[in-house]
Every structure is written in C-alpha cells, then in structure tokens.
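Structure file query_30.txt (compact mmCIF, N, CA and C atoms) follows.
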# COMPACT_ATOMS: atom_id res chain seq x y z
N MET A 1 0.84 -1.17 0.00
CA MET A 1 0.00 0.00 0.00
C MET A 1 0.89 1.24 0.00
N ILE A 2 0.61 2.14 -0.89
CA ILE A 2 1.33 3.40 -0.95
C ILE A 2 0.72 4.31 0.11
N PHE A 3 1.59 4.85 0.94
CA PHE A 3 1.05 5.73 1.97
C PHE A 3 1.90 6.96 2.14
N ASP A 4 2.00 7.47 3.34
CA ASP A 4 2.52 8.83 3.50
C ASP A 4 3.97 9.02 3.09
N TYR A 5 4.84 8.04 3.26
CA TYR A 5 6.24 8.26 2.88
C TYR A 5 6.34 8.46 1.37
N GLU A 6 5.60 7.66 0.62
CA GLU A 6 5.63 7.80 -0.82
C GLU A 6 5.01 9.12 -1.27
N MET A 7 4.04 9.61 -0.53
CA MET A 7 3.38 10.88 -0.87
C MET A 7 4.11 12.07 -0.25
N TYR A 8 4.65 11.90 0.95
CA TYR A 8 5.29 12.98 1.71
C TYR A 8 6.62 12.49 2.31
N PRO A 9 7.67 12.36 1.50
CA PRO A 9 8.91 11.75 1.99
C PRO A 9 9.81 12.66 2.82
N THR A 10 9.50 13.93 2.93
CA THR A 10 10.42 14.83 3.63
C THR A 10 9.83 15.34 4.93
N MET A 11 10.76 15.77 5.80
CA MET A 11 10.34 16.38 7.07
C MET A 11 9.77 17.75 6.77
N PRO A 12 8.85 18.24 7.50
CA PRO A 12 8.15 17.60 8.60
C PRO A 12 6.90 16.84 8.15
N ASP A 13 6.65 16.79 6.84
CA ASP A 13 5.43 16.15 6.37
C ASP A 13 5.32 14.68 6.73
N HIS A 14 6.44 13.98 6.65
CA HIS A 14 6.43 12.56 7.03
C HIS A 14 6.86 12.46 8.49
N PRO A 15 6.07 11.92 9.36
CA PRO A 15 4.80 11.23 9.23
C PRO A 15 3.59 12.09 9.63
N LEU A 16 3.79 13.39 9.73
CA LEU A 16 2.69 14.25 10.18
C LEU A 16 1.47 14.17 9.27
N LYS A 17 1.69 14.21 7.97
CA LYS A 17 0.56 14.13 7.03
C LYS A 17 -0.14 12.78 7.13
N GLY A 18 0.65 11.72 7.24
CA GLY A 18 0.07 10.39 7.38
C GLY A 18 -0.78 10.25 8.62
N SER A 19 -0.30 10.81 9.73
CA SER A 19 -1.07 10.72 10.96
C SER A 19 -2.37 11.50 10.84
N GLU A 20 -2.34 12.62 10.11
CA GLU A 20 -3.57 13.39 9.88
C GLU A 20 -4.57 12.58 9.04
N ILE A 21 -4.06 11.90 8.03
CA ILE A 21 -4.93 11.06 7.19
C ILE A 21 -5.59 9.98 8.03
N LEU A 22 -4.79 9.29 8.84
CA LEU A 22 -5.34 8.21 9.66
C LEU A 22 -6.31 8.74 10.71
N LYS A 23 -5.99 9.88 11.29
CA LYS A 23 -6.89 10.47 12.29
C LYS A 23 -8.24 10.79 11.66
N SER A 24 -8.22 11.33 10.43
CA SER A 24 -9.48 11.66 9.75
C SER A 24 -10.29 10.42 9.42
N LYS A 25 -9.62 9.28 9.35
CA LYS A 25 -10.31 8.02 9.07
C LYS A 25 -10.71 7.28 10.34
N GLY A 26 -10.47 7.91 11.51
CA GLY A 26 -10.93 7.34 12.76
C GLY A 26 -10.00 6.37 13.44
N TYR A 27 -8.73 6.35 13.06
CA TYR A 27 -7.80 5.46 13.73
C TYR A 27 -7.59 5.92 15.17
N PRO A 28 -7.36 4.98 16.08
CA PRO A 28 -7.21 5.33 17.50
C PRO A 28 -5.92 6.11 17.78
N ASP A 29 -5.96 6.84 18.88
CA ASP A 29 -4.84 7.69 19.27
C ASP A 29 -3.53 6.92 19.48
N ASP A 30 -3.61 5.67 19.99
CA ASP A 30 -2.37 4.93 20.20
C ASP A 30 -1.68 4.59 18.88
N VAL A 31 -2.45 4.37 17.84
CA VAL A 31 -1.88 4.12 16.51
C VAL A 31 -1.24 5.40 15.98
N ILE A 32 -1.94 6.50 16.11
CA ILE A 32 -1.42 7.80 15.66
C ILE A 32 -0.13 8.13 16.40
N SER A 33 -0.11 7.92 17.69
CA SER A 33 1.06 8.20 18.51
C SER A 33 2.24 7.33 18.09
N ALA A 34 2.00 6.05 17.82
CA ALA A 34 3.07 5.15 17.38
C ALA A 34 3.66 5.62 16.06
N ILE A 35 2.80 6.04 15.15
CA ILE A 35 3.25 6.51 13.85
C ILE A 35 4.07 7.78 14.00
N LEU A 36 3.61 8.69 14.80
CA LEU A 36 4.37 9.93 15.02
C LEU A 36 5.71 9.63 15.71
N GLY A 37 5.70 8.69 16.64
CA GLY A 37 6.90 8.36 17.39
C GLY A 37 7.98 7.68 16.57
N HIS A 38 7.63 7.13 15.42
CA HIS A 38 8.68 6.47 14.63
C HIS A 38 9.59 7.48 13.94
N ALA A 39 9.20 8.75 13.99
CA ALA A 39 10.08 9.82 13.51
C ALA A 39 10.51 10.61 14.74
N SER A 40 11.74 10.43 15.14
CA SER A 40 12.23 11.06 16.37
C SER A 40 12.02 12.56 16.38
N TYR A 41 12.11 13.20 15.21
CA TYR A 41 11.96 14.65 15.14
C TYR A 41 10.55 15.12 15.46
N SER A 42 9.58 14.19 15.53
CA SER A 42 8.21 14.59 15.86
C SER A 42 8.09 14.98 17.33
N GLY A 43 9.02 14.49 18.16
CA GLY A 43 8.98 14.78 19.59
C GLY A 43 8.01 13.90 20.37
N VAL A 44 7.35 12.97 19.68
CA VAL A 44 6.40 12.07 20.34
C VAL A 44 7.18 10.87 20.88
N PRO A 45 7.13 10.64 22.19
CA PRO A 45 7.89 9.52 22.76
C PRO A 45 7.29 8.16 22.38
N ARG A 46 8.15 7.17 22.31
CA ARG A 46 7.71 5.80 22.02
C ARG A 46 7.49 5.10 23.35
N GLU A 47 6.26 5.14 23.84
CA GLU A 47 5.97 4.61 25.16
C GLU A 47 5.31 3.23 25.12
N THR A 48 4.62 2.91 24.06
CA THR A 48 3.92 1.63 23.98
C THR A 48 4.77 0.61 23.22
N GLN A 49 4.44 -0.65 23.41
CA GLN A 49 5.13 -1.71 22.68
C GLN A 49 4.94 -1.52 21.17
N MET A 50 3.73 -1.14 20.75
CA MET A 50 3.47 -0.91 19.34
C MET A 50 4.40 0.17 18.78
N ALA A 51 4.57 1.25 19.50
CA ALA A 51 5.44 2.34 19.03
C ALA A 51 6.89 1.87 18.93
N LYS A 52 7.33 1.10 19.91
CA LYS A 52 8.71 0.59 19.90
C LYS A 52 8.93 -0.39 18.75
N VAL A 53 7.94 -1.25 18.50
CA VAL A 53 8.06 -2.21 17.41
C VAL A 53 8.10 -1.49 16.06
N LEU A 54 7.23 -0.52 15.88
CA LEU A 54 7.22 0.23 14.62
C LEU A 54 8.57 0.89 14.39
N TYR A 55 9.10 1.53 15.40
CA TYR A 55 10.39 2.19 15.27
C TYR A 55 11.51 1.19 14.98
N ALA A 56 11.48 0.06 15.69
CA ALA A 56 12.54 -0.95 15.52
C ALA A 56 12.49 -1.64 14.17
N CYS A 57 11.34 -1.62 13.53
CA CYS A 57 11.20 -2.31 12.24
C CYS A 57 11.28 -1.38 11.04
N ASP A 58 10.97 -0.13 11.20
CA ASP A 58 10.84 0.80 10.08
C ASP A 58 12.12 0.89 9.25
N GLU A 59 13.20 1.37 9.80
CA GLU A 59 14.45 1.52 9.05
C GLU A 59 15.00 0.15 8.64
N LEU A 60 14.85 -0.82 9.51
CA LEU A 60 15.38 -2.15 9.20
C LEU A 60 14.66 -2.75 8.00
N CYS A 61 13.36 -2.58 7.90
CA CYS A 61 12.63 -3.09 6.74
C CYS A 61 13.12 -2.42 5.46
N GLY A 62 13.34 -1.13 5.52
CA GLY A 62 13.87 -0.43 4.35
C GLY A 62 15.24 -0.96 3.97
N PHE A 63 16.07 -1.20 4.96
CA PHE A 63 17.42 -1.70 4.70
C PHE A 63 17.37 -3.11 4.12
N ILE A 64 16.58 -3.97 4.73
CA ILE A 64 16.45 -5.34 4.23
C ILE A 64 15.91 -5.34 2.80
N SER A 65 14.99 -4.46 2.50
CA SER A 65 14.47 -4.34 1.13
C SER A 65 15.58 -3.96 0.16
N ALA A 66 16.44 -3.05 0.58
CA ALA A 66 17.56 -2.63 -0.27
C ALA A 66 18.53 -3.79 -0.53
N VAL A 67 18.78 -4.59 0.50
CA VAL A 67 19.65 -5.75 0.33
C VAL A 67 18.97 -6.77 -0.59
N ALA A 68 17.70 -7.01 -0.37
CA ALA A 68 16.98 -8.04 -1.12
C ALA A 68 16.86 -7.70 -2.60
N VAL A 69 16.65 -6.45 -2.91
CA VAL A 69 16.37 -6.08 -4.30
C VAL A 69 17.57 -6.32 -5.22
N ILE A 70 18.78 -6.39 -4.68
CA ILE A 70 19.96 -6.61 -5.52
C ILE A 70 20.32 -8.09 -5.63
N ARG A 71 19.57 -8.94 -4.98
CA ARG A 71 19.86 -10.37 -4.99
C ARG A 71 19.03 -11.08 -6.06
N PRO A 72 19.58 -12.14 -6.65
CA PRO A 72 18.85 -12.86 -7.71
C PRO A 72 17.50 -13.41 -7.24
N ASN A 73 17.44 -13.95 -6.03
CA ASN A 73 16.19 -14.51 -5.51
C ASN A 73 15.50 -13.56 -4.54
N LYS A 74 15.88 -12.30 -4.63
CA LYS A 74 15.31 -11.25 -3.79
C LYS A 74 15.39 -11.65 -2.32
N ILE A 75 14.28 -11.60 -1.62
CA ILE A 75 14.33 -11.87 -0.17
C ILE A 75 14.23 -13.36 0.15
N MET A 76 13.84 -14.18 -0.82
CA MET A 76 13.53 -15.57 -0.51
C MET A 76 14.71 -16.37 0.05
N ASP A 77 15.94 -16.04 -0.30
CA ASP A 77 17.08 -16.76 0.27
C ASP A 77 18.00 -15.83 1.06
N LEU A 78 17.46 -14.68 1.42
CA LEU A 78 18.25 -13.71 2.19
C LEU A 78 18.54 -14.25 3.58
N GLU A 79 19.79 -14.10 3.99
CA GLU A 79 20.20 -14.59 5.29
C GLU A 79 20.72 -13.46 6.15
N LEU A 80 20.73 -13.71 7.43
CA LEU A 80 21.21 -12.76 8.43
C LEU A 80 22.61 -12.25 8.08
N SER A 81 23.51 -13.14 7.70
CA SER A 81 24.89 -12.75 7.43
C SER A 81 24.99 -11.72 6.31
N SER A 82 24.13 -11.83 5.31
CA SER A 82 24.14 -10.86 4.20
C SER A 82 23.71 -9.49 4.67
N VAL A 83 22.68 -9.44 5.49
CA VAL A 83 22.20 -8.16 6.01
C VAL A 83 23.25 -7.53 6.91
N LYS A 84 23.85 -8.31 7.79
CA LYS A 84 24.87 -7.77 8.70
C LYS A 84 26.08 -7.26 7.93
N LYS A 85 26.47 -7.97 6.87
CA LYS A 85 27.60 -7.54 6.06
C LYS A 85 27.30 -6.19 5.42
N LYS A 86 26.11 -6.04 4.87
CA LYS A 86 25.73 -4.78 4.22
C LYS A 86 25.57 -3.65 5.24
N LEU A 87 25.15 -3.98 6.46
CA LEU A 87 25.04 -2.95 7.50
C LEU A 87 26.39 -2.30 7.78
N LYS A 88 27.45 -3.07 7.66
CA LYS A 88 28.79 -2.55 7.91
C LYS A 88 29.29 -1.67 6.77
N ASP A 89 28.72 -1.84 5.60
CA ASP A 89 29.12 -1.08 4.41
C ASP A 89 28.35 0.25 4.41
N LYS A 90 28.99 1.28 4.91
CA LYS A 90 28.33 2.59 5.06
C LYS A 90 27.91 3.21 3.73
N ALA A 91 28.52 2.78 2.63
CA ALA A 91 28.16 3.31 1.32
C ALA A 91 26.89 2.66 0.78
N PHE A 92 26.55 1.47 1.28
CA PHE A 92 25.36 0.77 0.82
C PHE A 92 24.13 1.33 1.54
N ALA A 93 23.11 1.70 0.77
CA ALA A 93 21.87 2.25 1.33
C ALA A 93 22.22 3.32 2.37
N LYS A 94 23.04 4.27 1.94
CA LYS A 94 23.59 5.27 2.87
C LYS A 94 22.54 6.16 3.51
N ASN A 95 21.35 6.24 2.94
CA ASN A 95 20.29 7.06 3.53
C ASN A 95 19.54 6.35 4.65
N VAL A 96 19.80 5.06 4.83
CA VAL A 96 19.18 4.32 5.93
C VAL A 96 20.00 4.57 7.18
N SER A 97 19.34 5.00 8.22
CA SER A 97 20.03 5.34 9.46
C SER A 97 20.36 4.09 10.28
N ARG A 98 21.63 3.75 10.29
CA ARG A 98 22.08 2.64 11.14
C ARG A 98 21.84 2.96 12.61
N GLU A 99 21.93 4.24 12.95
CA GLU A 99 21.70 4.66 14.34
C GLU A 99 20.25 4.39 14.75
N ASP A 100 19.30 4.67 13.84
CA ASP A 100 17.89 4.38 14.13
C ASP A 100 17.67 2.89 14.30
N ILE A 101 18.31 2.09 13.47
CA ILE A 101 18.19 0.63 13.59
C ILE A 101 18.71 0.18 14.96
N GLU A 102 19.88 0.65 15.33
CA GLU A 102 20.47 0.28 16.62
C GLU A 102 19.61 0.75 17.80
N LEU A 103 19.13 1.99 17.73
CA LEU A 103 18.31 2.51 18.82
C LEU A 103 16.98 1.76 18.92
N GLY A 104 16.39 1.44 17.79
CA GLY A 104 15.14 0.69 17.80
C GLY A 104 15.30 -0.67 18.46
N ILE A 105 16.39 -1.35 18.15
CA ILE A 105 16.64 -2.67 18.75
C ILE A 105 16.88 -2.51 20.25
N LYS A 106 17.59 -1.47 20.63
CA LYS A 106 17.84 -1.22 22.05
C LYS A 106 16.54 -0.92 22.79
N GLU A 107 15.70 -0.04 22.22
CA GLU A 107 14.44 0.31 22.87
C GLU A 107 13.50 -0.88 22.97
N LEU A 108 13.53 -1.76 21.98
CA LEU A 108 12.67 -2.94 21.98
C LEU A 108 13.23 -4.02 22.89
N ASN A 109 14.52 -3.88 23.24
CA ASN A 109 15.19 -4.81 24.14
C ASN A 109 15.24 -6.22 23.56
N VAL A 110 15.72 -6.30 22.30
CA VAL A 110 15.91 -7.58 21.64
C VAL A 110 17.35 -7.67 21.15
N LEU A 111 17.77 -8.85 20.78
CA LEU A 111 19.10 -9.05 20.25
C LEU A 111 19.11 -8.73 18.76
N LEU A 112 20.19 -8.13 18.29
CA LEU A 112 20.32 -7.73 16.89
C LEU A 112 20.04 -8.89 15.94
N ASP A 113 20.74 -10.00 16.12
CA ASP A 113 20.59 -11.12 15.20
C ASP A 113 19.16 -11.66 15.19
N GLU A 114 18.58 -11.80 16.36
CA GLU A 114 17.21 -12.31 16.44
C GLU A 114 16.23 -11.38 15.76
N HIS A 115 16.42 -10.09 15.95
CA HIS A 115 15.50 -9.12 15.36
C HIS A 115 15.62 -9.12 13.83
N ILE A 116 16.83 -9.12 13.33
CA ILE A 116 17.01 -9.13 11.87
C ILE A 116 16.39 -10.39 11.28
N LYS A 117 16.65 -11.55 11.89
CA LYS A 117 16.07 -12.81 11.38
C LYS A 117 14.55 -12.76 11.41
N PHE A 118 13.99 -12.24 12.50
CA PHE A 118 12.54 -12.15 12.63
C PHE A 118 11.95 -11.27 11.52
N VAL A 119 12.57 -10.13 11.27
CA VAL A 119 12.06 -9.20 10.25
C VAL A 119 12.20 -9.81 8.86
N ILE A 120 13.31 -10.47 8.58
CA ILE A 120 13.47 -11.14 7.28
C ILE A 120 12.35 -12.15 7.07
N GLU A 121 12.10 -12.98 8.06
CA GLU A 121 11.06 -14.00 7.93
C GLU A 121 9.67 -13.37 7.76
N ALA A 122 9.41 -12.31 8.47
CA ALA A 122 8.13 -11.62 8.34
C ALA A 122 7.97 -11.04 6.93
N MET A 123 9.04 -10.49 6.40
CA MET A 123 8.99 -9.91 5.06
C MET A 123 8.86 -10.98 3.99
N LYS A 124 9.43 -12.15 4.20
CA LYS A 124 9.31 -13.24 3.23
C LYS A 124 7.85 -13.63 3.02
N SER A 125 7.05 -13.53 4.06
CA SER A 125 5.65 -13.94 3.95
C SER A 125 4.85 -13.03 3.01
N ASN A 126 5.39 -11.87 2.69
CA ASN A 126 4.71 -10.94 1.79
C ASN A 126 5.69 -10.46 0.70
N ALA A 127 6.59 -11.33 0.32
CA ALA A 127 7.70 -10.96 -0.54
C ALA A 127 7.29 -10.39 -1.89
N GLU A 128 6.34 -10.98 -2.54
CA GLU A 128 5.97 -10.53 -3.88
C GLU A 128 5.51 -9.08 -3.87
N ASP A 129 4.63 -8.73 -2.95
CA ASP A 129 4.15 -7.35 -2.87
C ASP A 129 5.25 -6.38 -2.45
N LEU A 130 6.11 -6.80 -1.55
CA LEU A 130 7.20 -5.93 -1.10
C LEU A 130 8.16 -5.60 -2.23
N ILE A 131 8.53 -6.60 -3.00
CA ILE A 131 9.47 -6.37 -4.09
C ILE A 131 8.84 -5.47 -5.15
N LYS A 132 7.57 -5.65 -5.42
CA LYS A 132 6.89 -4.77 -6.38
C LYS A 132 6.94 -3.32 -5.89
N THR A 133 6.71 -3.11 -4.61
CA THR A 133 6.72 -1.76 -4.05
C THR A 133 8.12 -1.16 -4.13
N VAL A 134 9.12 -1.93 -3.75
CA VAL A 134 10.50 -1.43 -3.73
C VAL A 134 10.99 -1.11 -5.13
N THR A 135 10.66 -1.96 -6.10
CA THR A 135 11.15 -1.76 -7.47
C THR A 135 10.26 -0.85 -8.29
N GLY A 136 9.07 -0.51 -7.76
CA GLY A 136 8.15 0.36 -8.49
C GLY A 136 7.38 -0.37 -9.58
N ASN A 137 7.37 -1.68 -9.51
CA ASN A 137 6.63 -2.48 -10.51
C ASN A 137 5.25 -2.86 -9.99
N ASN A 138 4.44 -1.89 -9.67
CA ASN A 138 3.09 -2.17 -9.13
C ASN A 138 2.12 -2.46 -10.24

What does this structure look like when you write it as structure tokens?
Amino acid sequence: MIFDYEMYPTMPDHPLKGSEILKSKGYPDDVISAILGHASYSGVPRETQMAKVLYACDELCGFISAVAVIRPNKIMDLELSSVKKKLKDKAFAKNVSREDIELGIKELNVLLDEHIKFVIEAMKSNAEDLIKTVTGNN
C-alpha cells in the first residue's frame, strides 16, 4: 500500500501528514502516537510496545528491502549474514540510518541477530508485494 512516505517523503510532512490522514479516518490515538513516534523529530515519545516495534522495524525493513532487491532470488534466500555484512558497508543504502536501527533494537530490548532474522522471515511472507513496491513495478 502506498502511503505517506511515498506521498510525503520529507520532514516535517512525514509522518505528520500520514497521521492526519489516519486520524481523519478514525484510527485510534495509540496508533497515531506510534506513527508519530517512529520519527524522532516529531517529539512524540515511544511509550507503547506498538510504538517501539514500529520504530525498531521501520528503518530495518527499508534496509532489508535494499539488500533483497539486488539479490537474484530477492528476499527468498536472504540470510542474516548478508544483512549484517551490508550494514557494515556505510556506502550501501547510505540514507538508511544505522543509528535508528540500533536505537530501535535497544528500545525494543531484543538481540540484533534475532530481530534481523525475525524481520526477514516476516517480510518473506509478503515478498511478492514488497518487491513490487520497492522496485516500483506495481
């Protein structure tokens, strides 16, 4: 689903515009707060588990997508070691904040390897749609 980042990719519009859209559609305040909290510059603290999970997964999903899109089998055979190797390469997907990934994992209080593996597996379950979105082949 194309949503606010694709429509409003720059600060301060992202995620402020998206939260306004969801609020107008009747989404609950805890969802709106989690969405606002995934952008540290919004000033909204990540107090709920939902907010922490969203923050811990947001940048990592983007990074994993970047790693997957350059592989022959995309995400289907992506392994933890490949993601960790690319994380060390500061030139690869340089706009993805490694600091946000690290902080998200710390706030969620999970281990790096376990979290990356969990996110890879979750993304595999919706791989076809994810790759279409990342490559723009909708």

note = A straight line from atom C of Leu60 (chain A) to CA of Ala39 (chain A) spans 14.5 Å

Proximity check region 75-125 of chain A to region 40-57 of chain A, 12 Å, nearest pairs one decimal Å, only C-alpha atoms, as JSON lines:
{"residue": "A:Ser97", "atom": "CA", "partner": "A:Ala56", "partner_atom": "CA", "distance": 11.5}
{"residue": "A:Arg98", "atom": "CA", "partner": "A:Ala56", "partner_atom": "CA", "distance": 11.1}
{"residue": "A:Glu99", "atom": "CA", "partner": "A:Ala56", "partner_atom": "CA", "distance": 10.8}
{"residue": "A:Asp100", "atom": "CA", "partner": "A:Ala56", "partner_atom": "CA", "distance": 7.7}
{"residue": "A:Ile101", "atom": "CA", "partner": "A:Ala56", "partner_atom": "CA", "distance": 6.2}
{"residue": "A:Glu102", "atom": "CA", "partner": "A:Ala56", "partner_atom": "CA", "distance": 8.1}
{"residue": "A:Leu103", "atom": "CA", "partner": "A:Ala56", "partner_atom": "CA", "distance": 7.5}
{"residue": "A:Gly104", "atom": "CA", "partner": "A:Ala56", "partner_atom": "CA", "distance": 3.8}
{"residue": "A:Ile105", "atom": "CA", "partner": "A:Ala56", "partner_atom": "CA", "distance": 5.5}
{"residue": "A:Lys106", "atom": "CA", "partner": "A:Ala56", "partner_atom": "CA", "distance": 8.4}
{"residue": "A:Glu107", "atom": "CA", "partner": "A:Lys52", "partner_atom": "CA", "distance": 6.5}
{"residue": "A:Leu108", "atom": "CA", "partner": "A:Lys52", "partner_atom": "CA", "distance": 5.7}
{"residue": "A:Asn109", "atom": "CA", "partner": "A:Lys52", "partner_atom": "CA", "distance": 9.4}
{"residue": "A:Val110", "atom": "CA", "partner": "A:Ala56", "partner_atom": "CA", "distance": 9.6}
{"residue": "A:Leu111", "atom": "CA", "partner": "A:Ala56", "partner_atom": "CA", "distance": 11.4}
{"residue": "A:Leu112", "atom": "CA", "partner": "A:Ala56", "partner_atom": "CA", "distance": 10.4}
{"residue": "A:His115", "atom": "CA", "partner": "A:Cys57", "partner_atom": "CA", "distance": 8.6}
{"residue": "A:Ile116", "atom": "CA", "partner": "A:Cys57", "partner_atom": "CA", "distance": 9.0}
{"residue": "A:Lys117", "atom": "CA", "partner": "A:Cys57", "partner_atom": "CA", "distance": 11.6}
{"residue": "A:Phe118", "atom": "CA", "partner": "A:Cys57", "partner_atom": "CA", "distance": 9.9}
{"residue": "A:Val119", "atom": "CA", "partner": "A:Cys57", "partner_atom": "CA", "distance": 7.2}
{"residue": "A:Ile120", "atom": "CA", "partner": "A:Cys57", "partner_atom": "CA", "distance": 10.4}
{"residue": "A:Ala122", "atom": "CA", "partner": "A:Cys57", "partner_atom": "CA", "distance": 10.6}
{"residue": "A:Met123", "atom": "CA", "partner": "A:Cys57", "partner_atom": "CA", "distance": 10.7}

remark   = Computed gap from CA of Thr10 (chain A) to CA of Ala91 (chain A) is 21.3 Å

key: In region 30-63 of chain A, DSSP alpha helix (DSSP H) residues written as a list in words   = Asp30, Val31, Ile32, Ser33, Ala34, Ile35, Leu36, Gly37, Gln49, Met50, Ala51, Lys52, Val53, Leu54, Tyr55, Ala56, Cys57, Asp58, Glu59, Leu60, Cys61, Gly62 and Phe63 of chain A

query = So how many Å separate atom C of Asp13 (chain A) and atom N of Lys25 (chain A), to one decimal?
reply =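 Separation between atom C of Asp13 (chain A) and atom N of Lys25 (chain A): 16.1 Å.
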
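With distances taken over all atoms listed in the file, A:Val96 is the one residue among A:Tyr8, A:Glu114, A:Leu22, A:Val96 lying closest to Gly62 (chain A).
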
remark   = Across A:Asn73, A:Lys124, A:Phe63, A:Gly37, the smallest distance to Lys85 (chain A), with only C-alpha atoms counted, is shown by A:Phe63

message = Counting all atoms listed in the file, which residues have an atom no more than 6.5 Å from (0.4, 11.1, 12.9) in the file's coordinates? Please list them as a list in words.
response = Pro15, Leu16, Lys17, Gly18, Ser19, Glu20, Ile32, Ser33, Ile35 and Leu36 of chain A
